[in-house]
$ cat structure_19.cif   # mmCIF, C-alpha atoms
data_entry
loop_
_atom_site.group_PDB
_atom_site.id
_atom_site.type_symbol
_atom_site.label_atom_id
_atom_site.label_comp_id
_atom_site.auth_asym_id
_atom_site.auth_seq_id
_atom_site.Cartn_x
_atom_site.Cartn_y
_atom_site.Cartn_z
ATOM 1 C CA MET D 1 -16.169 6.772 1.740
ATOM 2 C CA ILE D 2 -17.155 4.805 -1.373
ATOM 3 C CA TRP D 3 -14.336 2.289 -0.747
ATOM 4 C CA LYS D 4 -15.500 1.672 2.837
ATOM 5 C CA GLY D 5 -19.084 1.245 1.610
ATOM 6 C CA LEU D 6 -17.999 -1.308 -0.997
ATOM 7 C CA GLY D 7 -16.032 -3.126 1.701
ATOM 8 C CA LEU D 8 -19.100 -3.337 3.941
ATOM 9 C CA ILE D 9 -21.387 -4.503 1.128
ATOM 10 C CA THR D 10 -18.975 -7.184 -0.108
ATOM 11 C CA ASN D 11 -17.611 -8.164 3.343
ATOM 12 C CA SER D 12 -14.097 -7.779 1.909
ATOM 13 C CA GLU D 13 -11.248 -5.535 3.044
ATOM 14 C CA SER D 14 -10.362 -5.043 -0.618
ATOM 15 C CA PRO D 15 -13.378 -5.496 -2.944
ATOM 16 C CA ILE D 16 -11.384 -4.611 -6.084
ATOM 17 C CA VAL D 17 -7.871 -5.901 -6.875
ATOM 18 C CA VAL D 18 -5.527 -5.877 -9.867
ATOM 19 C CA VAL D 19 -3.808 -9.042 -11.117
ATOM 20 C CA LEU D 20 -0.058 -8.398 -10.851
ATOM 21 C CA SER D 21 1.428 -11.632 -12.247
ATOM 22 C CA GLY D 22 0.809 -14.276 -14.883
ATOM 23 C CA SER D 23 0.213 -17.124 -12.413
ATOM 24 C CA MET D 24 -3.522 -17.338 -13.245
ATOM 25 C CA GLU D 25 -3.222 -17.315 -17.044
ATOM 26 C CA PRO D 26 -5.276 -18.109 -19.096
ATOM 27 C CA ALA D 27 -8.139 -17.340 -16.666
ATOM 28 C CA PHE D 28 -6.799 -13.864 -15.797
ATOM 29 C CA TYR D 29 -3.935 -11.871 -17.228
ATOM 30 C CA ARG D 30 -1.660 -9.266 -15.701
ATOM 31 C CA GLY D 31 -3.591 -6.006 -15.455
ATOM 32 C CA ASP D 32 -7.075 -7.515 -15.150
ATOM 33 C CA LEU D 33 -9.289 -5.809 -12.558
ATOM 34 C CA LEU D 34 -11.095 -8.296 -10.276
ATOM 35 C CA PHE D 35 -14.282 -7.745 -8.265
ATOM 36 C CA LEU D 36 -14.512 -9.695 -5.000
ATOM 37 C CA THR D 37 -17.086 -10.653 -2.391
ATOM 38 C CA ASN D 38 -16.562 -12.604 0.805
ATOM 39 C CA PRO D 39 -19.933 -13.766 2.153
ATOM 40 C CA ALA D 40 -19.477 -15.126 5.675
ATOM 41 C CA SER D 41 -22.159 -17.789 5.232
ATOM 42 C CA GLU D 42 -20.745 -19.249 2.006
ATOM 43 C CA GLN D 43 -18.292 -22.151 1.939
ATOM 44 C CA TYR D 44 -15.477 -22.181 -0.616
ATOM 45 C CA ARG D 45 -15.375 -25.057 -3.088
ATOM 46 C CA THR D 46 -12.679 -26.638 -5.203
ATOM 47 C CA GLY D 47 -12.324 -24.556 -8.364
ATOM 48 C CA ASP D 48 -13.305 -21.216 -6.795
ATOM 49 C CA ILE D 49 -10.866 -18.408 -7.540
ATOM 50 C CA THR D 50 -9.881 -16.641 -4.345
ATOM 51 C CA VAL D 51 -7.705 -13.767 -3.288
ATOM 52 C CA TYR D 52 -5.778 -14.371 -0.087
ATOM 53 C CA LYS D 53 -3.284 -12.466 2.013
ATOM 54 C CA ILE D 54 -0.658 -14.065 4.240
ATOM 55 C CA PRO D 55 0.408 -12.173 7.394
ATOM 56 C CA GLY D 56 3.670 -10.347 6.751
ATOM 57 C CA GLN D 57 3.077 -10.060 2.994
ATOM 58 C CA ASP D 58 1.816 -6.790 1.538
ATOM 59 C CA ILE D 59 0.456 -8.060 -1.751
ATOM 60 C CA PRO D 60 -2.604 -10.324 -1.956
ATOM 61 C CA ILE D 61 -2.424 -13.408 -4.201
ATOM 62 C CA VAL D 62 -5.066 -14.516 -6.723
ATOM 63 C CA HIS D 63 -5.224 -18.325 -7.066
ATOM 64 C CA ARG D 64 -7.705 -21.166 -7.504
ATOM 65 C CA VAL D 65 -8.838 -23.434 -4.649
ATOM 66 C CA LEU D 66 -7.269 -26.844 -5.247
ATOM 67 C CA GLU D 67 -8.459 -28.631 -2.120
ATOM 68 C CA THR D 68 -10.814 -27.936 0.814
ATOM 69 C CA HIS D 69 -11.147 -29.518 4.245
ATOM 70 C CA ASP D 70 -14.198 -28.833 6.381
ATOM 71 C CA LEU D 71 -13.679 -29.205 10.112
ATOM 72 C CA VAL D 72 -16.946 -30.122 11.847
ATOM 73 C CA GLN D 73 -18.201 -29.664 15.388
ATOM 74 C CA LYS D 74 -18.130 -32.997 17.245
ATOM 75 C CA LYS D 75 -19.842 -31.969 20.465
ATOM 76 C CA LYS D 76 -23.516 -32.695 20.867
ATOM 77 C CA ASP D 77 -25.179 -29.364 20.243
ATOM 78 C CA LYS D 78 -27.180 -27.605 17.557
ATOM 79 C CA ARG D 79 -24.147 -27.117 15.311
ATOM 80 C CA ALA D 80 -22.915 -30.722 15.497
ATOM 81 C CA GLY D 81 -22.075 -32.042 12.040
ATOM 82 C CA LEU D 82 -22.025 -28.574 10.455
ATOM 83 C CA PRO D 83 -18.735 -27.133 9.163
ATOM 84 C CA VAL D 84 -17.297 -24.679 11.690
ATOM 85 C CA GLU D 85 -14.010 -24.010 9.957
ATOM 86 C CA GLN D 86 -12.721 -24.530 6.448
ATOM 87 C CA LEU D 87 -9.111 -25.079 5.414
ATOM 88 C CA LEU D 88 -8.012 -24.356 1.842
ATOM 89 C CA LEU D 89 -5.097 -25.239 -0.432
ATOM 90 C CA THR D 90 -4.624 -23.075 -3.534
ATOM 91 C CA LYS D 91 -2.616 -23.087 -6.750
ATOM 92 C CA GLY D 92 -2.143 -20.721 -9.668
ATOM 93 C CA ASP D 93 -3.485 -22.100 -12.951
ATOM 94 C CA ASN D 94 -0.156 -21.356 -14.628
ATOM 95 C CA ASN D 95 1.974 -22.769 -11.779
ATOM 96 C CA ALA D 96 3.359 -26.302 -11.636
ATOM 97 C CA VAL D 97 2.913 -26.806 -7.871
ATOM 98 C CA ASP D 98 0.495 -25.771 -5.128
ATOM 99 C CA ASP D 99 0.988 -22.708 -2.913
ATOM 100 C CA ILE D 100 2.229 -24.331 0.317
ATOM 101 C CA ASP D 101 5.634 -22.626 -0.091
ATOM 102 C CA LEU D 102 3.895 -19.247 -0.420
ATOM 103 C CA TYR D 103 2.076 -19.706 2.909
ATOM 104 C CA ARG D 104 5.253 -19.059 4.944
ATOM 105 C CA GLY D 105 4.921 -21.893 7.421
ATOM 106 C CA ILE D 106 1.137 -22.033 7.434
ATOM 107 C CA LYS D 107 -0.041 -25.510 6.395
ATOM 108 C CA TRP D 108 -3.511 -24.447 5.160
ATOM 109 C CA LEU D 109 -5.284 -21.194 4.429
ATOM 110 C CA GLU D 110 -8.001 -20.343 6.922
ATOM 111 C CA ARG D 111 -11.008 -18.093 6.414
ATOM 112 C CA LYS D 112 -9.152 -15.207 8.085
ATOM 113 C CA HIS D 113 -6.571 -15.253 5.259
ATOM 114 C CA ILE D 114 -9.171 -14.953 2.484
ATOM 115 C CA VAL D 115 -9.794 -11.460 1.087
ATOM 116 C CA GLY D 116 -12.592 -12.652 -1.201
ATOM 117 C CA LYS D 117 -13.894 -14.788 -4.024
ATOM 118 C CA VAL D 118 -13.670 -13.468 -7.589
ATOM 119 C CA ARG D 119 -17.142 -12.610 -8.923
ATOM 120 C CA GLY D 120 -16.236 -10.695 -12.073
ATOM 121 C CA PHE D 121 -13.418 -8.922 -13.903
ATOM 122 C CA LEU D 122 -12.557 -6.229 -16.436
ATOM 123 C CA PRO D 123 -9.630 -7.192 -18.683
ATOM 124 C CA TYR D 124 -6.530 -4.956 -18.721
ATOM 125 C CA VAL D 125 -8.188 -2.016 -16.885
ATOM 126 C CA GLY D 126 -5.704 -2.361 -14.021
ATOM 127 C CA TYR D 127 -2.693 -1.750 -16.253
ATOM 128 C CA VAL D 128 -2.834 1.944 -15.332
ATOM 129 C CA THR D 129 -2.072 1.018 -11.710
ATOM 130 C CA ILE D 130 0.722 -1.348 -12.744
ATOM 131 C CA ALA D 131 2.287 1.256 -15.044
ATOM 132 C CA MET D 132 2.274 3.902 -12.311
ATOM 133 C CA ASN D 133 3.947 1.509 -9.845
ATOM 134 C CA ASP D 134 6.510 0.217 -12.351
ATOM 135 C CA PHE D 135 7.322 3.701 -13.715
ATOM 136 C CA PRO D 136 7.061 6.327 -10.935
ATOM 137 C CA GLN D 137 8.015 9.060 -13.443
ATOM 138 C CA LEU D 138 4.732 8.374 -15.234
ATOM 139 C CA LYS D 139 2.818 8.975 -12.003
ATOM 140 C CA TYR D 140 4.555 12.319 -11.428
ATOM 141 C CA ALA D 141 4.082 13.360 -15.060
ATOM 142 C CA LEU D 142 0.382 12.535 -14.860
ATOM 143 C CA LEU D 143 -0.051 14.448 -11.595
ATOM 144 C CA GLY D 144 1.910 17.407 -12.982
ATOM 145 C CA GLY D 145 -0.174 17.402 -16.154
ATOM 146 C CA LEU D 146 -3.417 17.344 -14.155
ATOM 147 C CA GLY D 147 -2.172 20.194 -11.947
ATOM 148 C CA LEU D 148 -1.183 22.261 -14.981
ATOM 149 C CA LEU D 149 -4.538 21.545 -16.609
ATOM 150 C CA ALA D 150 -6.337 22.718 -13.456
ATOM 151 C CA LEU D 151 -4.356 25.991 -13.481
ATOM 152 C CA ILE D 152 -4.967 26.647 -17.174
ATOM 153 C CA GLN D 153 -8.695 25.833 -17.071
ATOM 154 C CA ARG D 154 -9.517 28.402 -14.366
ATOM 155 C CA GLU D 155 -11.977 31.021 -15.518
#
$ encode --input "structure_19.cif" --output "structure tokens"
Amino acid sequence: MIWKGLGLITNSESPIVVVLSGSMEPAFYRGDLLFLTNPASEQYRTGDITVYKIPGQDIPIVHRVLETHDLVQKKKDKRAGLPVEQLLLTKGDNNAVDDIDLYRGIKWLERKHIVGKVRGFLPYVGYVTIAMNDFPQLKYALLGGLGLLALIQRE
């Protein structure tokens, strides 16, 4: 319930994510917890740090916007001259090349691929999640310990 509420407030399917690789060092390190928003009315700019998800990939990617292209309406109406769609190219700060190879045949990221823009972070807090995924035995030990604690603490 809280997760869905956060998603509605931030307009993001995943308002909190954990950095899983070192591609954004020194800005963010593996294990940092990121807070995202995705306001529909806001355009992305070069230098913004975004989280995006490519169809067919399970894990979202945290990278910086390297280049933007605003497509404008050309017809004569109220929206003429205003950006109607934005295309993005991203790159990890610690990577030598841009992310075109990561897009799996997509030439540019579109708004539908963006999970959100990074608004804040807590360093290393996400390491608990990484440790439980990397070492499943730790997850089971933690769950077993919590279950045992619940049985012992009954009054």
$ closest_residue --input "structure_19.cif" --among "D:Leu20, D:Val84, D:Leu109, D:Leu33" --to "Thr68 (chain D)" --atoms "all atoms listed in the file"
D:Leu109
$ residues_around --input "structure_19.cif" --residues "Met24 (chain D)" --least-positions-apart "5" --cutoff "8 Å" --atoms "all atoms listed in the file" --output "PyMOL selection string"
chain D and resi 29+62-63+92-95
$ atom_distance --input "structure_19.cif" --atom1 "CA of Trp3 (chain D)" --atom2 "CA of Val17 (chain D)"
12.1 Å
$ atom_distance --input "structure_19.cif" --atom1 "CA of Pro26 (chain D)" --atom2 "CA of Gly47 (chain D)"
14.4 Å
$ resolve_selection --input "structure_19.cif" --expression "the PyMOL selection byres ((chain D and resi 34-40) around 10)" --output "number ranges by chain"
D: 6-19, 28, 31-33, 41-44, 49-51, 62, 111, 114-123, 125-126
$ write_last_selection --input "structure_19.cif" --atoms "C-alpha atoms" --output "short mmCIF file (atom, residue, chain, number, x, y, z; two decimals), keeping the file's coordinate frame"
data_model
loop_
_atom_site.label_atom_id
_atom_site.label_comp_id
_atom_site.auth_asym_id
_atom_site.auth_seq_id
_atom_site.Cartn_x
_atom_site.Cartn_y
_atom_site.Cartn_z
CA LEU D 6 -18.00 -1.31 -1.00
CA GLY D 7 -16.03 -3.13 1.70
CA LEU D 8 -19.10 -3.34 3.94
CA ILE D 9 -21.39 -4.50 1.13
CA THR D 10 -18.98 -7.18 -0.11
CA ASN D 11 -17.61 -8.16 3.34
CA SER D 12 -14.10 -7.78 1.91
CA GLU D 13 -11.25 -5.54 3.04
CA SER D 14 -10.36 -5.04 -0.62
CA PRO D 15 -13.38 -5.50 -2.94
CA ILE D 16 -11.38 -4.61 -6.08
CA VAL D 17 -7.87 -5.90 -6.88
CA VAL D 18 -5.53 -5.88 -9.87
CA VAL D 19 -3.81 -9.04 -11.12
CA PHE D 28 -6.80 -13.86 -15.80
CA GLY D 31 -3.59 -6.01 -15.46
CA ASP D 32 -7.08 -7.52 -15.15
CA LEU D 33 -9.29 -5.81 -12.56
CA SER D 41 -22.16 -17.79 5.23
CA GLU D 42 -20.74 -19.25 2.01
CA GLN D 43 -18.29 -22.15 1.94
CA TYR D 44 -15.48 -22.18 -0.62
CA ILE D 49 -10.87 -18.41 -7.54
CA THR D 50 -9.88 -16.64 -4.34
CA VAL D 51 -7.70 -13.77 -3.29
CA VAL D 62 -5.07 -14.52 -6.72
CA ARG D 111 -11.01 -18.09 6.41
CA ILE D 114 -9.17 -14.95 2.48
CA VAL D 115 -9.79 -11.46 1.09
CA GLY D 116 -12.59 -12.65 -1.20
CA LYS D 117 -13.89 -14.79 -4.02
CA VAL D 118 -13.67 -13.47 -7.59
CA ARG D 119 -17.14 -12.61 -8.92
CA GLY D 120 -16.24 -10.70 -12.07
CA PHE D 121 -13.42 -8.92 -13.90
CA LEU D 122 -12.56 -6.23 -16.44
CA PRO D 123 -9.63 -7.19 -18.68
CA VAL D 125 -8.19 -2.02 -16.89
CA GLY D 126 -5.70 -2.36 -14.02
#
$ residues_near_point --input "structure_19.cif" --point "(-1.5, 8.2, -17.5)" --cutoff "9 Å" --atoms "all atoms listed in the file" --output "VMD selection string"
chain D and resid 128 131 to 132 138 to 139 141 to 143
$ residues_around --input "structure_19.cif" --residues "His69 (chain D)" --least-positions-apart "2" --cutoff "9 Å" --atoms "only C-alpha atoms" --output "PyMOL selection string"
chain D and resi 67+71+85-89
$ atom_distance --input "structure_19.cif" --atom1 "CA of Ile61 (chain D)" --atom2 "CA of Asp134 (chain D)"
18.2 Å
$ closest_residue --input "structure_19.cif" --among "D:Ile54, D:Gly22, D:Asp48, D:Ala27" --to "Ile100 (chain D)" --atoms "all atoms listed in the file"
D:Ile54
$ closest_residue --input "structure_19.cif" --among "D:Ile152, D:Ile2, D:Leu146, D:Val65" --to "Asp98 (chain D)" --atoms "all atoms listed in the file"
D:Val65
$ decode --input "structure_19.cif" --residues "region 60-147 of chain D" --atoms "C-alpha atoms" --output "PDB file, in the first residue's frame"
ATOM      1  CA  PRO D  60      16.703  -0.761 -14.504  1.00  0.00           C
ATOM      2  CA  ILE D  61      19.872   1.202 -15.333  1.00  0.00           C
ATOM      3  CA  VAL D  62      21.068   4.387 -13.601  1.00  0.00           C
ATOM      4  CA  HIS D  63      22.941   6.713 -15.995  1.00  0.00           C
ATOM      5  CA  ARG D  64      23.379  10.393 -16.823  1.00  0.00           C
ATOM      6  CA  VAL D  65      21.665  12.108 -19.774  1.00  0.00           C
ATOM      7  CA  LEU D  66      24.361  12.853 -22.347  1.00  0.00           C
ATOM      8  CA  GLU D  67      22.201  14.298 -25.108  1.00  0.00           C
ATOM      9  CA  THR D  68      18.547  15.325 -25.600  1.00  0.00           C
ATOM     10  CA  HIS D  69      16.461  15.909 -28.712  1.00  0.00           C
ATOM     11  CA  ASP D  70      13.101  17.639 -28.468  1.00  0.00           C
ATOM     12  CA  LEU D  71      10.645  16.803 -31.225  1.00  0.00           C
ATOM     13  CA  VAL D  72       8.201  19.674 -31.774  1.00  0.00           C
ATOM     14  CA  GLN D  73       4.699  19.842 -33.200  1.00  0.00           C
ATOM     15  CA  LYS D  74       4.781  21.346 -36.705  1.00  0.00           C
ATOM     16  CA  LYS D  75       1.061  21.617 -37.371  1.00  0.00           C
ATOM     17  CA  LYS D  76      -0.636  24.933 -36.816  1.00  0.00           C
ATOM     18  CA  ASP D  77      -2.403  24.513 -33.507  1.00  0.00           C
ATOM     19  CA  LYS D  78      -2.052  25.594 -29.899  1.00  0.00           C
ATOM     20  CA  ARG D  79       0.866  23.239 -29.249  1.00  0.00           C
ATOM     21  CA  ALA D  80       2.890  24.236 -32.324  1.00  0.00           C
ATOM     22  CA  GLY D  81       6.516  24.876 -31.405  1.00  0.00           C
ATOM     23  CA  LEU D  82       6.221  23.152 -28.016  1.00  0.00           C
ATOM     24  CA  PRO D  83       8.105  19.893 -27.383  1.00  0.00           C
ATOM     25  CA  VAL D  84       5.751  16.926 -27.747  1.00  0.00           C
ATOM     26  CA  GLU D  85       8.314  14.177 -27.379  1.00  0.00           C
ATOM     27  CA  GLN D  86      11.834  14.012 -26.029  1.00  0.00           C
ATOM     28  CA  LEU D  87      14.548  11.570 -27.061  1.00  0.00           C
ATOM     29  CA  LEU D  88      17.480  10.870 -24.734  1.00  0.00           C
ATOM     30  CA  LEU D  89      20.970   9.386 -24.983  1.00  0.00           C
ATOM     31  CA  THR D  90      22.612   8.306 -21.718  1.00  0.00           C
ATOM     32  CA  LYS D  91      26.018   7.224 -20.451  1.00  0.00           C
ATOM     33  CA  GLY D  92      27.429   6.000 -17.158  1.00  0.00           C
ATOM     34  CA  ASP D  93      29.933   8.411 -15.608  1.00  0.00           C
ATOM     35  CA  ASN D  94      32.438   5.576 -15.238  1.00  0.00           C
ATOM     36  CA  ASN D  95      31.869   4.168 -18.752  1.00  0.00           C
ATOM     37  CA  ALA D  96      33.966   5.008 -21.803  1.00  0.00           C
ATOM     38  CA  VAL D  97      31.094   5.023 -24.330  1.00  0.00           C
ATOM     39  CA  ASP D  98      27.408   5.941 -24.443  1.00  0.00           C
ATOM     40  CA  ASP D  99      24.584   3.450 -23.850  1.00  0.00           C
ATOM     41  CA  ILE D 100      23.403   2.816 -27.429  1.00  0.00           C
ATOM     42  CA  ASP D 101      24.545  -0.832 -27.200  1.00  0.00           C
ATOM     43  CA  LEU D 102      22.494  -1.267 -24.013  1.00  0.00           C
ATOM     44  CA  TYR D 103      19.298  -0.093 -25.747  1.00  0.00           C
ATOM     45  CA  ARG D 104      18.929  -3.371 -27.690  1.00  0.00           C
ATOM     46  CA  GLY D 105      18.128  -1.923 -31.087  1.00  0.00           C
ATOM     47  CA  ILE D 106      16.419   1.219 -29.842  1.00  0.00           C
ATOM     48  CA  LYS D 107      18.206   4.301 -31.208  1.00  0.00           C
ATOM     49  CA  TRP D 108      17.069   6.721 -28.461  1.00  0.00           C
ATOM     50  CA  LEU D 109      15.367   6.451 -25.101  1.00  0.00           C
ATOM     51  CA  GLU D 110      11.815   7.757 -25.080  1.00  0.00           C
ATOM     52  CA  ARG D 111       9.810   9.013 -22.120  1.00  0.00           C
ATOM     53  CA  LYS D 112       8.116   5.608 -21.800  1.00  0.00           C
ATOM     54  CA  HIS D 113      11.504   4.016 -21.003  1.00  0.00           C
ATOM     55  CA  ILE D 114      12.291   6.418 -18.146  1.00  0.00           C
ATOM     56  CA  VAL D 115      11.527   5.193 -14.616  1.00  0.00           C
ATOM     57  CA  GLY D 116      12.508   8.512 -13.033  1.00  0.00           C
ATOM     58  CA  LYS D 117      15.012  11.239 -12.312  1.00  0.00           C
ATOM     59  CA  VAL D 118      17.267  10.913  -9.260  1.00  0.00           C
ATOM     60  CA  ARG D 119      16.295  13.466  -6.594  1.00  0.00           C
ATOM     61  CA  GLY D 120      18.285  12.182  -3.627  1.00  0.00           C
ATOM     62  CA  PHE D 121      20.216   9.209  -2.260  1.00  0.00           C
ATOM     63  CA  LEU D 122      21.368   7.422   0.884  1.00  0.00           C
ATOM     64  CA  PRO D 123      24.878   5.969   0.559  1.00  0.00           C
ATOM     65  CA  TYR D 124      25.361   2.207   1.038  1.00  0.00           C
ATOM     66  CA  VAL D 125      21.881   1.590   2.548  1.00  0.00           C
ATOM     67  CA  GLY D 126      20.993  -0.707  -0.355  1.00  0.00           C
ATOM     68  CA  TYR D 127      23.836  -3.116   0.380  1.00  0.00           C
ATOM     69  CA  VAL D 128      21.430  -5.232   2.442  1.00  0.00           C
ATOM     70  CA  THR D 129      19.416  -5.934  -0.722  1.00  0.00           C
ATOM     71  CA  ILE D 130      22.556  -6.695  -2.733  1.00  0.00           C
ATOM     72  CA  ALA D 131      23.895  -9.041  -0.047  1.00  0.00           C
ATOM     73  CA  MET D 132      20.624 -10.975   0.114  1.00  0.00           C
ATOM     74  CA  ASN D 133      20.569 -11.398  -3.683  1.00  0.00           C
ATOM     75  CA  ASP D 134      24.254 -12.329  -3.948  1.00  0.00           C
ATOM     76  CA  PHE D 135      24.137 -14.717  -0.958  1.00  0.00           C
ATOM     77  CA  PRO D 136      20.723 -16.446  -0.752  1.00  0.00           C
ATOM     78  CA  GLN D 137      21.882 -18.335   2.372  1.00  0.00           C
ATOM     79  CA  LEU D 138      22.032 -14.990   4.175  1.00  0.00           C
ATOM     80  CA  LYS D 139      18.398 -14.318   3.276  1.00  0.00           C
ATOM     81  CA  TYR D 140      17.286 -17.701   4.637  1.00  0.00           C
ATOM     82  CA  ALA D 141      19.391 -17.295   7.784  1.00  0.00           C
ATOM     83  CA  LEU D 142      17.881 -13.868   8.405  1.00  0.00           C
ATOM     84  CA  LEU D 143      14.330 -15.139   7.873  1.00  0.00           C
ATOM     85  CA  GLY D 144      14.998 -18.158  10.100  1.00  0.00           C
ATOM     86  CA  GLY D 145      16.463 -15.937  12.807  1.00  0.00           C
ATOM     87  CA  LEU D 146      13.448 -13.612  12.685  1.00  0.00           C
ATOM     88  CA  GLY D 147      11.073 -16.591  12.865  1.00  0.00           C
TER      89      GLY D 147
END
